[in-house]
Structure formats: structure tokens, C-alpha cells
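Chemist: There's a structure below that I have some questions on.
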Amino acid sequence: MIKQLLLMGVVFSIACLFSLLLTPCVRYWMKRFNIVDMPDARRVNTTPIPRSGGLAIVIAFFITASLAVCCAPFFHYEAVLTPAWMAFAGCSLVLVAVGFWDDCKGLPALFRLMVQIGVASIMYSAGVAFHLPSAWGEWTACTWVTLPLTIAWFIGLINAFNLIDGLDGLASGLAIIASLGMLGVSFYTGANFNALHPLMLPIFIGSILGFLRYNYNPASIFMGDSGSLFIGFSLATFALLLGRADAFVVSFGLPVLCLGIPMTDTFLAILRRTLRYVLYRKEGKKDGVMTADRNHVHHRLLSFARGNQRRAVLGLYGLAVALVVLGFISIVIKESKASIFLIGFAAFAYVIVRFMTEIELWDAGRLLSKPGSRMGRRTLAIPLYILADLVVMASAHLGLYFVLNPMLPTFTTGQHFNIFLIYVVPVALLLVFTQAYHRIWGRSTRKDSLMLVMAVFVGSLLSHIVISFVRPDWAHPLIRFHLLWALIVPLPMLGVRLLKSAFLQFLATAENRLLKKRSLHDTSIERILFYGAGINLRAYVTLYELNVTRNHAAMLGALDDNPGVRGRVFRDLPILGPLEYLEDKQHFERLKPTKILISTAAMRPERLEEIKAFCKAKGLKLTQFEQFEQQLYSPTEK
């Protein structure tokens, strides 16, 4: 064991040394052949920087790996070159060649995607496949399950590191952290010293660490596609070789946690670009799924860090380390249970949604509220309805089984999944048949709701008939379970379909809070106080909600002469009191309004003159809103 660890330490040092020596050479040749990243609106570099530095990582890795395989027997390490590793070497070189050509001349996105599908298929044929835990049932070993998952896994991770490579040292550091996590788990779960991946991981880490010396801020060379594609492909391969078919966390959870940040960034990029493609395809704009942008997770964190690249990168390093630690905790406490992983992943998802998905939520709101884009709204709504229905049915299934467990037979995980499919498929088919996914639920009638309820009941009846024929011994014990499931499921399904207005209201409220903060240092954003908390205010706020992502004014609150409404809140807007409230200097300095908007038609002329006089004294704009906003006074008027 000590000799094997010594070999790992030696190959790590050799790989790091090779990388340290090769990177300046690659940098010199990239400068000489003018293969550089020029500054533009999307990139963060302000001067031309050589790219394709990933060639140094690749050369150092393969030279050291060849030496390690040759010298392994002297350290009693039986490094066996399996077909999987031969396929890995060949596919890696293909991806590096494609990435280098893309760095030099540029390649179509579709061509790169086809190459990635090809190398993923080759790896699958060589035995490197994405296997779900065998405890879930025999279906997990079927080719129609493992092949699409394997291709999606490789494509996802290859592109994840290509997309995340936007700040100095970010992709390199995240790859090192993920590799260290996988190496640690391979030892904890019992490293197989007849396999190569425990030996290749230190070589991989050393190769990247040597390059990171030149890639960390301020970077003198960039990794380029030749390096990011190789790193993503390598990590995807290592994760699959590390997985075990008998444990949820090791086979699925740990790779997701170790690679959580690049995978999350990829998911958000696909979501964001799909939304923009649907939004702008009729406007002649070129925004599409393959269009690059400057809204990745690292760009947002860079903005939060006020342009300090080191702070942004270290923040993402810290989050990556936290996810790896969570993976270790999940394994150490109880590997066979997924509860710790699920809780931690839910917490991570909350952080992502809470702090990193503002743009995606805003685009979704804009699509839902955009006039004249019914097809766009349907493009977004139908997948959301389907996903929500699956979540509702799965939650009802698990919840009822937990409550009625003493009355039910003991099922294996595979039987649970098969029963769930028998319950879901007939209901889903009937929902499609009754056009439940094509109705405009914002204008639904009782008939629409009744059709959905009937689809669930009839589908549930069909599923029970199927169970009676397939497994008659299960039919009677599942009667209570079945009836409760059919009664519970329709209500949340209907609730999800009527959430559009609540979603838009949530976005409008969140946008208004952001605008209030930004308006303190951005003078282009008006800070509005309303005068009148009646029907006109309601109409204005409703228009504000419908124009989410297109508003440029922050709503502070409402003034009203009626003492009975003072202290109340309307749509997150406090009702402050009459005009005299603003005459208090402390209140005025706290609110800092730039405009008063009169939102009531029933105002005495003398009161209107008082408000005009106040606005003149304070240098505020004064407008009135009835069916549209009409300016009454501006401090720029003579």
C-alpha cells in the first residue's frame, strides 16, 4: 500500500513538473502563431492573451501516464490497460484536436456536438457507462436507459467546463477540487489497485496544477477549448469509472456534487438561451441556444465581487469545496441512504435559485407576460406543466406509501418504480387526450377543471385494472392507496396551472426590491411615491406586473389622506399617510423619492396645488395616472 501511494506521489510530481515546463513553451508558440484571445464585450481580459494552453496539460498528462504504466510493476501496482483506457486515450486526442482547431479557426457548434456524441458512444462501447444503482431495479441495466444517460453525461460535462472557463484559473481550480474529491472517495470506498483511475487522478491533478501557476489571475495564458474539452471529458470518464452500481451516493450523488458548479452553469445556460430563443425568434434577433453570452455563474459572481476576479474565483472554489465535503459526509454517515445528499443538494439548489437565477426567472416572466406570443408561452408552459404533474404524482405516491406503509405489501425499489409507472402512464395519456396541456388555464372554466379531474380519475381506474390483471395479489391491498391517490392528485395539478399571476406578481415584487436598491446609486431609475391607494394604484401595479423586466422605476409606497388605510400594505407597498408625512425631513431622507404619481381621480383642487408646491420645493416630478400616465409638472420646466 505504501509503495502504491509513493508511486502516486511520484507521478503527481512528475506531471506537475512537466506542466510547469511545457506551459511557457506552449505560450511562446501560441504568441508566435497569433493564437490569442482578443478582448471583446463577452471576455474579461483587457489585453490579448495566448490560448490553447490546455495542450501543455494534455502533453504532460500522457507523457506521465505512459511513464507510470511502464514503471507501475516496480511499485507492485498492477496497472492494466483495459479497452476503456485505450478508448479514453484515442477519444481524448480527437477532442483535443477539435478543440485546438476551434481555437485557431473556429468550428460550427453542430460539428462539435456530433464529435462529442461520437466519442461518448465509443466510450460506452468500451464499457464506460452511466449506471444507476442496481437496487432501483433490473431496468437500470437496459441499454435504452444507460446509453442516453452516458451520452448526456459526457456531452454535459464536456460543455460544462467549456462554458465555465471564463475567469482566470476557474476551470483549472474546479477540476482540481473535483479530482481530489473523487480520489479521496476512491480510497475511502476501497481503491482497486488493478484499475488505472486511482493512478491517473494524481497525474491529472498534477498536470492541471502546473498549468494553474500560469493561468491564475493575472493569467498569462488561457486554457482554450483544447484544454477545457479534455478536462471535461476526463472528469466525466473518471466519475463513471469511480461509480458503483450498489450505492446511490457514490454512483450518482458524489459526481454531481463534485462537479456541481459546472453542471449547474450548463443547466442555467441551456435554460437561459432556450428562453431567449423563444423570446426573440420573431423579432429577427440572433439570440439562440448556441449563442454565447455574459450571464454565466462566474460572470454574475464577478459582478457581485465588483470586478475582482480573484474574489469571484475563490468564492466559487469555496462553494466547490463545500459540495465535495457534503459528498464525503453523505458517504461517511451512511452510504446506503440518500437523505444527506438530497438535503444538501436541496440546500445547494436553493442557493442557486435564490442568488444565481435572476436572469432566467426574469426571462421566464417576460415570456409569460409578453403580448402576442402565445406560441412562446405554450413552449414554456407545456414542459412546466408536464414536469409539475410528474412531481405532484411522485410526491403523492411517496407520501401515501409512507402513511399507509403498515397496510401495504413490502415492495422492492424496482417494484415501486413499476407501480409508479402503472399509475402515471394512463393519467398522462388521458391528460394529453383531453388537451390539458394546451388549454389557456389563465382563462379556464369549471368545465376545464372538471375535465382534468375526470382524466385523473379515469386514468387511475385504468391503472388499477392493469394492476388487477398483472398482479391480482396486489389489487386488494392497494385499493385505499389508489383511491386516496386519485383524490389528492387533481388539486395540486389545478393549483400549478393557476400560478401564472402569482409567479408574475412574485417577479414584479422581487424586481421592485432590486430597483429600490439600485436606484440609490443609479439616477436613471426613478423612485416613485403614489398619492392615492385606490383603484388607480391597483391598475398601475397590475401593469407593472405585466411589464416585468421592462420596468425602470422603483415603487416606494403610497400616500393617502384617508387615516383608515394608514399603516396597511398593498402589494408590498406601505401606505404611509398624507402629504404631511413627507414634510418630516427624516422620512423624506429615508425614502428619497424623485417623483410623486397621483393615482386618484377624486382630489380637491386645493390639495393638488399643495402637492405641486411641495414638488417644486423639493425638486420632484409630479405626474398623474388614469388610463395612462400624464405629466403635470417637471422641475426642468421654466
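Identifiers for the C-alpha cells are assigned positionally: chains receive A, B, ... in sequence, residues are indexed from 1 per chain, and ligands are indexed from 1 in the order shown.
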Taking a cut-off of 12 Å and counting only C-alpha atoms, can you build a table that, for each residue of stretch 199-251 of chain A near stretch 63-84 of chain A, reports the nearest atom pair and how far apart they are in Å (one decimal), sorted by chain then residue number, as CSV?
Modeler:
```
residue,atom,partner,partner_atom,distance
A:Leu199,CA,A:Ala68,CA,8.1
A:Met200,CA,A:Ala65,CA,6.9
A:Leu201,CA,A:Ala65,CA,10.1
A:Pro202,CA,A:Ala65,CA,10.0
A:Ile203,CA,A:Thr64,CA,6.8
A:Phe204,CA,A:Ala65,CA,8.9
A:Ile205,CA,A:Thr64,CA,11.6
A:Gly206,CA,A:Thr64,CA,9.7
A:Ser207,CA,A:Thr64,CA,8.9
A:Thr237,CA,A:Ala84,CA,9.2
A:Phe238,CA,A:Ala84,CA,10.9
A:Leu240,CA,A:Ala84,CA,11.0
A:Leu241,CA,A:Ala84,CA,9.3
```
Chemist: Could you please take those selected residues and save N, CA, C and O atoms as a short mmCIF file (atom, residue, chain, number, x, y, z; two decimals), in the first residue's frame?
Modeler:
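The new file out_32.cif reads:
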```
data_model
loop_
_atom_site.label_atom_id
_atom_site.label_comp_id
_atom_site.auth_asym_id
_atom_site.auth_seq_id
_atom_site.Cartn_x
_atom_site.Cartn_y
_atom_site.Cartn_z
N LEU A 199 -4.62 5.83 -10.17
CA LEU A 199 -3.29 6.29 -10.53
C LEU A 199 -3.36 7.48 -11.48
O LEU A 199 -2.53 8.40 -11.41
N MET A 200 -4.37 7.49 -12.35
CA MET A 200 -4.49 8.57 -13.32
C MET A 200 -4.95 9.89 -12.67
O MET A 200 -4.60 10.97 -13.16
N LEU A 201 -5.70 9.81 -11.61
CA LEU A 201 -6.19 11.04 -10.97
C LEU A 201 -5.05 11.92 -10.44
O LEU A 201 -5.06 13.13 -10.68
N PRO A 202 -4.04 11.38 -9.73
CA PRO A 202 -2.91 12.25 -9.32
C PRO A 202 -2.16 12.84 -10.51
O PRO A 202 -1.71 14.00 -10.45
N ILE A 203 -2.04 12.07 -11.60
CA ILE A 203 -1.38 12.61 -12.81
C ILE A 203 -2.20 13.76 -13.37
O ILE A 203 -1.67 14.82 -13.75
N PHE A 204 -3.49 13.58 -13.41
CA PHE A 204 -4.39 14.60 -13.92
C PHE A 204 -4.31 15.87 -13.07
O PHE A 204 -4.21 16.99 -13.59
N ILE A 205 -4.31 15.69 -11.75
CA ILE A 205 -4.24 16.84 -10.84
C ILE A 205 -2.91 17.57 -11.00
O ILE A 205 -2.85 18.80 -11.07
N GLY A 206 -1.82 16.82 -11.08
CA GLY A 206 -0.51 17.44 -11.24
C GLY A 206 -0.39 18.21 -12.54
O GLY A 206 0.18 19.31 -12.57
N SER A 207 -0.94 17.66 -13.62
CA SER A 207 -0.86 18.33 -14.92
C SER A 207 -1.59 19.67 -14.88
O SER A 207 -1.12 20.66 -15.44
N THR A 237 -15.14 10.72 -17.53
CA THR A 237 -14.67 9.33 -17.55
C THR A 237 -14.31 8.86 -16.14
O THR A 237 -14.70 7.76 -15.71
N PHE A 238 -13.56 9.68 -15.40
CA PHE A 238 -13.16 9.30 -14.04
C PHE A 238 -14.38 9.06 -13.16
O PHE A 238 -14.41 8.12 -12.35
N LEU A 240 -17.39 8.08 -14.01
CA LEU A 240 -18.07 6.83 -14.35
C LEU A 240 -17.27 5.62 -13.91
O LEU A 240 -17.84 4.60 -13.49
N LEU A 241 -15.93 5.69 -14.00
CA LEU A 241 -15.11 4.58 -13.53
C LEU A 241 -15.14 4.46 -12.01
O LEU A 241 -14.97 3.37 -11.47
#
```
Chemist: Give the helix (DSSP H, G or I) residues of stretch 397-460 of chain A, as DSSP finds them on the backbone, and put them as a count of residues only.
Modeler: 49
Chemist: I'd like the neighbourhood of stretch 305-319 of chain A as a PyMOL selection string, where a residue qualifies if any of its atoms comes within 7 Å (using only C-alpha atoms), though same-chain residues fewer than 2 positions away should be ignored.
Modeler: chain A and resi 167+170+173-174+217+298+301-303+321-323
Chemist: Keeping N, CA and C atoms, export the residues of the selection given above as a PDB file, in the first residue's frame.
Modeler:
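Printed below is again08.pdb as written:
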```
ATOM      1  N   LEU A 167     -13.038  32.794 -16.332  1.00  0.00           N
ATOM      2  CA  LEU A 167     -12.216  33.619 -15.445  1.00  0.00           C
ATOM      3  C   LEU A 167     -10.857  32.961 -15.271  1.00  0.00           C
ATOM      4  N   LEU A 170     -10.315  29.541 -13.147  1.00  0.00           N
ATOM      5  CA  LEU A 170     -11.563  28.975 -12.619  1.00  0.00           C
ATOM      6  C   LEU A 170     -11.740  27.515 -13.007  1.00  0.00           C
ATOM      7  N   GLY A 173      -9.001  25.278 -11.385  1.00  0.00           N
ATOM      8  CA  GLY A 173      -9.182  25.053  -9.956  1.00  0.00           C
ATOM      9  C   GLY A 173     -10.355  24.143  -9.656  1.00  0.00           C
ATOM     10  N   LEU A 174     -11.485  24.332 -10.354  1.00  0.00           N
ATOM     11  CA  LEU A 174     -12.648  23.471 -10.122  1.00  0.00           C
ATOM     12  C   LEU A 174     -12.338  22.033 -10.517  1.00  0.00           C
ATOM     13  N   ASN A 217      -5.066  34.301 -11.872  1.00  0.00           N
ATOM     14  CA  ASN A 217      -5.086  35.755 -12.081  1.00  0.00           C
ATOM     15  C   ASN A 217      -3.839  36.457 -11.511  1.00  0.00           C
ATOM     16  N   HIS A 298     -20.083  32.498 -13.232  1.00  0.00           N
ATOM     17  CA  HIS A 298     -18.859  33.217 -12.852  1.00  0.00           C
ATOM     18  C   HIS A 298     -18.939  34.690 -13.229  1.00  0.00           C
ATOM     19  N   LEU A 301     -21.013  36.270 -10.437  1.00  0.00           N
ATOM     20  CA  LEU A 301     -20.240  36.405  -9.209  1.00  0.00           C
ATOM     21  C   LEU A 301     -19.160  37.473  -9.367  1.00  0.00           C
ATOM     22  N   LEU A 302     -18.622  37.615 -10.575  1.00  0.00           N
ATOM     23  CA  LEU A 302     -17.633  38.667 -10.838  1.00  0.00           C
ATOM     24  C   LEU A 302     -18.270  40.043 -10.659  1.00  0.00           C
ATOM     25  N   SER A 303     -19.515  40.188 -11.117  1.00  0.00           N
ATOM     26  CA  SER A 303     -20.226  41.446 -10.922  1.00  0.00           C
ATOM     27  C   SER A 303     -20.469  41.695  -9.444  1.00  0.00           C
ATOM     28  N   VAL A 321     -15.609  23.284  -2.838  1.00  0.00           N
ATOM     29  CA  VAL A 321     -15.084  22.501  -1.699  1.00  0.00           C
ATOM     30  C   VAL A 321     -16.221  22.093  -0.771  1.00  0.00           C
ATOM     31  N   ALA A 322     -17.165  23.006  -0.529  1.00  0.00           N
ATOM     32  CA  ALA A 322     -18.302  22.693   0.338  1.00  0.00           C
ATOM     33  C   ALA A 322     -19.120  21.538  -0.231  1.00  0.00           C
ATOM     34  N   LEU A 323     -19.305  21.509  -1.536  1.00  0.00           N
ATOM     35  CA  LEU A 323     -20.065  20.420  -2.146  1.00  0.00           C
ATOM     36  C   LEU A 323     -19.322  19.092  -2.043  1.00  0.00           C
TER      37      LEU A 323
END
```
Chemist: Have a look at atom CA of A:Ser463 and atom CA of A:Pro426 and let me know their distance in Å, one decimal.
Modeler: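 Rounded to one decimal, the two atoms are 6.3 Å apart.
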Chemist: Enter the distance from atom CA of A:Asp165 to atom CA of A:Leu21, in Å, rounded to one decimal.
Modeler: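 Here the two named atoms are 22.4 Å from each other.
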Chemist: When you draw a straight line from atom CA of A:Lys105 to atom CA of A:Thr47, how long is it in Å?
Modeler: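 For atom CA of A:Lys105 relative to atom CA of A:Thr47, the distance reads 19.9 Å.
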Chemist: A:Thr434, A:Ser179, A:Asn159, A:Ser395: which is nearest A:Leu452, counting only C-alpha atoms?
Modeler: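 Checking each of A:Thr434, A:Ser179, A:Asn159, A:Ser395 against A:Leu452, counting only C-alpha atoms, the winner is A:Thr434.
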Chemist: Just want the 6 Å neighbourhood of stretch 509-526 of chain A, counted on only C-alpha atoms, with same-chain residues fewer than 3 positions away dropped. Output as number ranges by chain.
Modeler: A: 506, 552-554, 594
Chemist: Please save C-alpha atoms of the selected residues as a PDB file, in the first residue's frame.
Modeler:
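Saved as out-v8.pdb:
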```
ATOM      1  CA  PHE A 506     -43.590  37.461  -7.253  1.00  0.00           C
ATOM      2  CA  HIS A 552     -37.378  51.270 -14.961  1.00  0.00           C
ATOM      3  CA  ALA A 553     -38.992  52.744 -11.867  1.00  0.00           C
ATOM      4  CA  ALA A 554     -38.879  51.738  -8.205  1.00  0.00           C
ATOM      5  CA  THR A 594     -37.761  61.539  -7.222  1.00  0.00           C
TER       6      THR A 594
END
```
Chemist: Could you give me the residues within stretch 456-592 of chain A that DSSP places in strand (DSSP E), as a list in words?
Modeler: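 Answer for stretch 456-592 of chain A restricted to strand (DSSP E) is Glu526, Arg527, Ile528, Leu529, Phe530, Tyr531, Ala553, Ala554, Met555, Leu556, Gly557, Ala558, Leu559, Val569, Phe570, Leu573, Pro574, Ile575, Leu576 and Gly577 of chain A.
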Chemist: I'd like the contact shell of A:Gln435 - 12 Å cut-off, only C-alpha atoms, skipping same-chain residues fewer than 3 positions apart - returned as a PyMOL selection string.
Modeler: chain A and resi 382+385+428-432+438-441+448-449+451-452+455
Chemist: Taking N, CA and C atoms for each residue, export the selection above as a short mmCIF file (atom, residue, chain, number, x, y, z; two decimals), in the first residue's frame.
Modeler:
```cif
data_model
loop_
_atom_site.label_atom_id
_atom_site.label_comp_id
_atom_site.auth_asym_id
_atom_site.auth_seq_id
_atom_site.Cartn_x
_atom_site.Cartn_y
_atom_site.Cartn_z
N ILE A 382 -46.00 24.29 -21.42
CA ILE A 382 -46.28 22.86 -21.54
C ILE A 382 -45.22 22.01 -20.83
N TYR A 385 -45.84 22.34 -17.11
CA TYR A 385 -47.00 21.58 -16.67
C TYR A 385 -46.66 20.09 -16.54
N ALA A 428 -51.28 10.32 -17.64
CA ALA A 428 -50.60 11.22 -18.56
C ALA A 428 -51.20 11.14 -19.96
N LEU A 429 -51.53 9.92 -20.43
CA LEU A 429 -52.13 9.77 -21.76
C LEU A 429 -53.49 10.44 -21.84
N LEU A 430 -54.28 10.31 -20.78
CA LEU A 430 -55.60 10.95 -20.79
C LEU A 430 -55.50 12.47 -20.69
N LEU A 431 -54.50 12.98 -19.97
CA LEU A 431 -54.29 14.43 -19.92
C LEU A 431 -53.94 14.98 -21.30
N VAL A 432 -53.13 14.23 -22.04
CA VAL A 432 -52.80 14.64 -23.41
C VAL A 432 -54.04 14.56 -24.29
N HIS A 438 -52.77 22.03 -23.42
CA HIS A 438 -52.92 23.07 -24.44
C HIS A 438 -53.98 24.10 -24.08
N ARG A 439 -54.61 23.93 -22.94
CA ARG A 439 -55.64 24.89 -22.54
C ARG A 439 -54.99 26.16 -22.00
N ILE A 440 -55.67 27.27 -22.14
CA ILE A 440 -55.21 28.53 -21.55
C ILE A 440 -55.77 28.56 -20.13
N TRP A 441 -55.00 28.12 -19.18
CA TRP A 441 -55.51 27.93 -17.82
C TRP A 441 -55.72 29.24 -17.10
N ASP A 448 -63.15 23.04 -17.80
CA ASP A 448 -61.73 22.68 -17.95
C ASP A 448 -61.23 21.94 -16.71
N SER A 449 -61.56 22.47 -15.54
CA SER A 449 -61.13 21.84 -14.30
C SER A 449 -61.75 20.47 -14.14
N MET A 451 -62.70 18.49 -16.53
CA MET A 451 -62.05 17.58 -17.48
C MET A 451 -60.74 17.04 -16.92
N LEU A 452 -59.97 17.89 -16.27
CA LEU A 452 -58.71 17.43 -15.68
C LEU A 452 -58.97 16.43 -14.56
N ALA A 455 -59.99 13.17 -16.01
CA ALA A 455 -58.85 12.47 -16.63
C ALA A 455 -58.04 11.73 -15.58
#
```
Chemist: Using only C-alpha atoms, can you tell me which of A:Phe230, A:Tyr188, A:Tyr437, A:Phe61 comes closest to A:Leu93?
Modeler: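 Smallest distance to A:Leu93 is found for A:Phe230.
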Chemist: Could you give me, as a PDB file with all heavy atoms, in the first residue's frame, the residues within 8 Å of A:Glu360, counting only C-alpha atoms and dropping anything in the same chain fewer than 6 positions from it?
Modeler:
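The resulting file, result-v4.pdb, is reproduced below:
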```pdb
ATOM      1  N   LEU A 268     -28.206  26.190 -16.418  1.00  0.00           N
ATOM      2  CA  LEU A 268     -28.728  27.548 -16.497  1.00  0.00           C
ATOM      3  C   LEU A 268     -28.507  28.150 -17.885  1.00  0.00           C
ATOM      4  O   LEU A 268     -29.357  28.889 -18.391  1.00  0.00           O
ATOM      5  CB  LEU A 268     -28.070  28.429 -15.435  1.00  0.00           C
ATOM      6  CG  LEU A 268     -28.424  28.113 -13.975  1.00  0.00           C
ATOM      7  CD1 LEU A 268     -27.666  29.042 -13.037  1.00  0.00           C
ATOM      8  CD2 LEU A 268     -29.918  28.239 -13.731  1.00  0.00           C
ATOM      9  N   LEU A 271     -31.143  26.681 -20.201  1.00  0.00           N
ATOM     10  CA  LEU A 271     -32.440  27.269 -19.892  1.00  0.00           C
ATOM     11  C   LEU A 271     -32.516  28.714 -20.383  1.00  0.00           C
ATOM     12  O   LEU A 271     -33.482  29.121 -21.045  1.00  0.00           O
ATOM     13  CB  LEU A 271     -32.676  27.210 -18.376  1.00  0.00           C
ATOM     14  CG  LEU A 271     -33.920  27.922 -17.851  1.00  0.00           C
ATOM     15  CD1 LEU A 271     -35.183  27.299 -18.433  1.00  0.00           C
ATOM     16  CD2 LEU A 271     -33.953  27.883 -16.321  1.00  0.00           C
ATOM     17  N   ARG A 272     -31.488  29.495 -20.083  1.00  0.00           N
ATOM     18  CA  ARG A 272     -31.476  30.908 -20.441  1.00  0.00           C
ATOM     19  C   ARG A 272     -31.512  31.095 -21.965  1.00  0.00           C
ATOM     20  O   ARG A 272     -32.283  31.915 -22.479  1.00  0.00           O
ATOM     21  CB  ARG A 272     -30.214  31.546 -19.855  1.00  0.00           C
ATOM     22  CG  ARG A 272     -30.041  33.008 -20.155  1.00  0.00           C
ATOM     23  CD  ARG A 272     -28.822  33.542 -19.434  1.00  0.00           C
ATOM     24  NE  ARG A 272     -27.566  32.942 -19.844  1.00  0.00           N
ATOM     25  CZ  ARG A 272     -26.854  32.088 -19.113  1.00  0.00           C
ATOM     26  NH1 ARG A 272     -27.261  31.738 -17.911  1.00  0.00           N
ATOM     27  NH2 ARG A 272     -25.713  31.580 -19.562  1.00  0.00           N
ATOM     28  N   LEU A 275     -34.928  30.109 -23.485  1.00  0.00           N
ATOM     29  CA  LEU A 275     -35.926  31.153 -23.256  1.00  0.00           C
ATOM     30  C   LEU A 275     -35.714  32.322 -24.211  1.00  0.00           C
ATOM     31  O   LEU A 275     -36.669  32.868 -24.782  1.00  0.00           O
ATOM     32  CB  LEU A 275     -35.857  31.639 -21.807  1.00  0.00           C
ATOM     33  CG  LEU A 275     -36.386  30.679 -20.736  1.00  0.00           C
ATOM     34  CD1 LEU A 275     -36.037  31.192 -19.345  1.00  0.00           C
ATOM     35  CD2 LEU A 275     -37.893  30.510 -20.860  1.00  0.00           C
TER      36      LEU A 275
END
```
Chemist: In terms of the shortest atom-to-atom distance over only C-alpha atoms, which of A:Leu597, A:Leu421, A:Val541, A:Leu478 is closest to A:Gln505?
Modeler: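 Smallest separation from A:Gln505 among the options: A:Val541.
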